[in-house]
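What follows is a set of notes on a single structure, which appears directly below.
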Amino acid sequence: MMEKLAPKPELLANTGDRCGENPLWDDARGVFFWCDIPDGEIYEYNPRTKSHRLVHKGAECGAFTLQYDGNLLLLYVGSAAILNPETGALKHLRDGVVFDTERFNDCIAKPDGSLFAGTVDWSQGKRGGLFDLDLKLESKRITTGTACSNGMAFTPNLQGLYWADSTAKTVYLFDFDEENGLSNRRAWLHTPDFTPDGLTIDKDGNLWITYFDGGFLRHYDADANLVRQVDVPAKHVTSCIFGGQNLDELYITTAGGKAGEISPSGGLYRLACEVGGKREFRTRIG
């Protein structure tokens, strides 16, 4: 049964992001990273000092991961680079990571240090999809036919991967194993009235899904039953991930902000949760 009351999200950083995305908690540094895609900005929030800073401003970046050495792997429009978030130094890795699609949009590191990454296709509406990128950034297309590939999360037992296809307004579930990758895609949740965006999973195997056109995020159990809805004071809610010392704080990114405008849209939020999440894997690229 859906709960009537839910914790209220707290605004942490009013950065006015046009499209805040790709939240990542760095447990080693105890800080949180996210990006504003159109402006090519990477931000860091420090909960100890309750402050944020601009780490990097460059090309449009729709996806990034934490590396094992603490750097960030940035994915652009078919290219990739390594960013040192402490010094701001940027090292170009390669072009031509993917072809016949547009920019990367959301990604997730795998247990072996490689990753899955999605793409968008705003111009034709069908060349976006999900890719498997190995340790050398050689790519294999897994899905196609969407305008917007979005959030991903592994099941706690690492035998499945959830993937949001925003165009289809559907969250799919794949079977996963480290040797053979993804198989057996099936629809797990279809929301015809709202567009699923980023998502994450808690340690109990329950999914938290943000909705770009809903102004809220929803908490579902493993059988796709709605547990609760949490309203967020922003036009567009884009992604979420667990962070904090005990991984029981849900960090939430939003979109719809404008430069120089004081507005709750485009800010970074945090939600206290009773059940926490798990640490994300890190990549070993480059």
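In the structure tokens, chains take letters A, B, ... by order of appearance, with residues numbered from 1 within each chain and ligands from 1 in the order shown.
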
Write out as a JSON list (two decimals) with C-alpha atoms, in the first residue's frame which residues come within 8 Å of A:Tyr220 when counting only C-alpha atoms, dropping same-chain ones fewer than 5 positions away.
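Output below, filename result.json:
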[["chain", "number", "residue", "atom", "x", "y", "z"],
["A", 206, "ASN", "CA", 13.64, -1.73, -3.97],
["A", 207, "LEU", "CA", 13.88, 0.73, -6.84],
["A", 208, "TRP", "CA", 13.80, 4.54, -6.60],
["A", 209, "ILE", "CA", 12.83, 6.11, -9.94],
["A", 225, "ASN", "CA", 4.41, -2.22, -6.51],
["A", 226, "LEU", "CA", 4.39, 1.46, -5.58],
["A", 227, "VAL", "CA", 5.55, 1.96, -1.99],
["A", 228, "ARG", "CA", 5.61, 5.74, -1.83]]

Item to complete: Just list the residues in stretch 6-203 of chain A DSSP gives strand (DSSP E) on the backbone, as number ranges by chain.
Response: A: 10-13, 20-26, 31-36, 41-46, 51-57, 63-66, 72-75, 80-83, 90-94, 104-109, 115-119, 130-133, 139-141, 149-154, 160-165, 170-177, 181-190, 196-201

Discussion item. Which residue is closest to A:Ser239? Choose from A:Asp26, A:Ala63, A:Arg279, A:Leu158 and count only C-alpha atoms.
Written reply: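 That would be A:Ala63, the residue with the smallest distance to A:Ser239.
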
Item to complete: Might you pull out every residue within 8 Å of A:Gly277, with only C-alpha atoms counted and same-chain residues fewer than 6 positions away left off, and present them as a PyMOL selection string?
Response: chain A and resi 201-203+241-243+247-248

Could you please take those selected residues and save N, CA and C atoms as a PDB file, in the first residue's frame?
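So the final result, stored in out.pdb, reads:
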ATOM      1  N   ILE A 201      18.857   1.804  -6.653  1.00  0.00           N
ATOM      2  CA  ILE A 201      18.276   0.692  -5.914  1.00  0.00           C
ATOM      3  C   ILE A 201      18.807   0.694  -4.492  1.00  0.00           C
ATOM      4  N   ASP A 202      17.955   0.323  -3.527  1.00  0.00           N
ATOM      5  CA  ASP A 202      18.422   0.255  -2.143  1.00  0.00           C
ATOM      6  C   ASP A 202      18.876  -1.172  -1.824  1.00  0.00           C
ATOM      7  N   LYS A 203      19.413  -1.350  -0.634  1.00  0.00           N
ATOM      8  CA  LYS A 203      20.012  -2.649  -0.297  1.00  0.00           C
ATOM      9  C   LYS A 203      18.980  -3.751  -0.128  1.00  0.00           C
ATOM     10  N   ILE A 241      20.703   8.956  -6.261  1.00  0.00           N
ATOM     11  CA  ILE A 241      21.642   7.908  -5.841  1.00  0.00           C
ATOM     12  C   ILE A 241      21.862   8.022  -4.337  1.00  0.00           C
ATOM     13  N   PHE A 242      22.180   6.907  -3.702  1.00  0.00           N
ATOM     14  CA  PHE A 242      22.424   6.927  -2.262  1.00  0.00           C
ATOM     15  C   PHE A 242      23.839   7.405  -1.962  1.00  0.00           C
ATOM     16  N   GLY A 243      23.955   8.145  -0.852  1.00  0.00           N
ATOM     17  CA  GLY A 243      25.248   8.633  -0.416  1.00  0.00           C
ATOM     18  C   GLY A 243      25.238   8.874   1.084  1.00  0.00           C
ATOM     19  N   LEU A 247      25.295   5.644   3.696  1.00  0.00           N
ATOM     20  CA  LEU A 247      24.585   5.407   2.434  1.00  0.00           C
ATOM     21  C   LEU A 247      23.075   5.392   2.619  1.00  0.00           C
ATOM     22  N   ASP A 248      22.587   6.237   3.535  1.00  0.00           N
ATOM     23  CA  ASP A 248      21.144   6.302   3.791  1.00  0.00           C
ATOM     24  C   ASP A 248      20.565   7.678   3.462  1.00  0.00           C
TER      25      ASP A 248
END

Interface rows for stretch 229-275 of chain A against stretch 178-197 of chain A: nearest pair, Å to one decimal, 10 Å, only C-alpha atoms, as a tab-separated table:
residue	atom	partner	partner_atom	distance
A:His236	CA	A:Asp197	CA	9.6
A:Val237	CA	A:Asp197	CA	7.8
A:Thr238	CA	A:Asp197	CA	5.5
A:Ser239	CA	A:Asp197	CA	6.3
A:Cys240	CA	A:Asp197	CA	9.4

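Of the residues listed (A:Arg127, A:Arg29, A:Arg218, A:Lys110), A:Lys110 shows the shortest atom-to-atom separation from A:Gln159; distances use only C-alpha atoms.
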
Practice prompt. List the neighbours of A:Ala28 out to 12 Å using only C-alpha atoms; skip same-chain residues closer than 4 positions along the sequence, and give me the result as JSON, numbers by chain.
Written response: {"A": [24, 32, 66, 67, 68, 69, 70, 71, 243, 244, 245, 279, 280, 282]}

Practice prompt. Rounded to one decimal place, report the atom CA of A:Asn157-atom CA of A:Thr200 distance in Å.
Written response: 14.5 Å

Worksheet item: Counting only C-alpha atoms, what is within 10 Å of stretch 251-266 of chain A, bar same-chain residues fewer than 4 positions away, as number ranges by chain?
Response: A: 9-25, 32-37, 198-199, 210-212, 215-217, 232-244, 270-272

Worksheet item: Any idea what the distance is between atom CA of A:Phe281 and atom CA of A:Ala109?
Response: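 We find that atom CA of A:Phe281 and atom CA of A:Ala109 lie 5.3 Å from each other.
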
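Nearest residue to A:Leu115, choosing from A:Ala59, A:Leu173, A:Leu83, A:Leu75 and counting only C-alpha atoms: A:Leu75.
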
Worksheet entry | A:Leu135 surroundings by only C-alpha atoms, 10 Å radius, close-in-sequence under 2 positions cut, as a list in words |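 What passes the distance filter is Asp112, Gly113, Ser114, Leu115, Leu133, Leu137, Glu138, Ser139, Thr283, Arg284, Ile285 and Gly286 of chain A.
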
Can I get the selection written as an mmCIF file, in the first residue's frame, with C-alpha atoms?
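Heads up, here's the output in out-v3.cif:
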data_model
loop_
_atom_site.group_PDB
_atom_site.id
_atom_site.type_symbol
_atom_site.label_atom_id
_atom_site.label_comp_id
_atom_site.auth_asym_id
_atom_site.auth_seq_id
_atom_site.Cartn_x
_atom_site.Cartn_y
_atom_site.Cartn_z
ATOM 1 C CA ASP A 112 35.064 -5.838 -13.552
ATOM 2 C CA GLY A 113 35.686 -2.106 -14.086
ATOM 3 C CA SER A 114 34.077 -1.833 -17.517
ATOM 4 C CA LEU A 115 30.674 -0.164 -17.951
ATOM 5 C CA LEU A 133 31.978 -0.617 -23.146
ATOM 6 C CA LEU A 137 36.306 1.512 -24.487
ATOM 7 C CA GLU A 138 35.533 -0.798 -27.372
ATOM 8 C CA SER A 139 31.761 -0.775 -27.679
ATOM 9 C CA THR A 283 35.639 1.813 -13.611
ATOM 10 C CA ARG A 284 39.216 0.866 -14.578
ATOM 11 C CA ILE A 285 39.500 2.658 -17.919
ATOM 12 C CA GLY A 286 42.675 4.167 -19.368
#

Item to complete: Tell me, in Å to one decimal, how far atom CA of A:Ser166 is from atom CA of A:Val275.
Response: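 Interatomic distance here is 26.4 Å.
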
Fill in: Shell of 9 Å around A:Trp163, only C-alpha atoms, local chain residues under 4 positions omitted, as an MDAnalysis selection string
chainID A and resid 130 149:153 170:174 199

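If you measure from each of A:Cys107, A:Ala222, A:Cys273, A:Leu250 to A:Tyr76 using only C-alpha atoms, the closest one turns out to be A:Cys107.
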
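With only C-alpha atoms as the atoms that count, the minimum distance from A:Gly128 to the choices A:Val98, A:Ala147, A:Ile108, A:Ala164 is reached by A:Ala147.
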
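Residue nearest A:Leu54, chosen from A:Asp100, A:Asp106, A:Glu41, A:Glu249 and counting only C-alpha atoms: A:Glu41.
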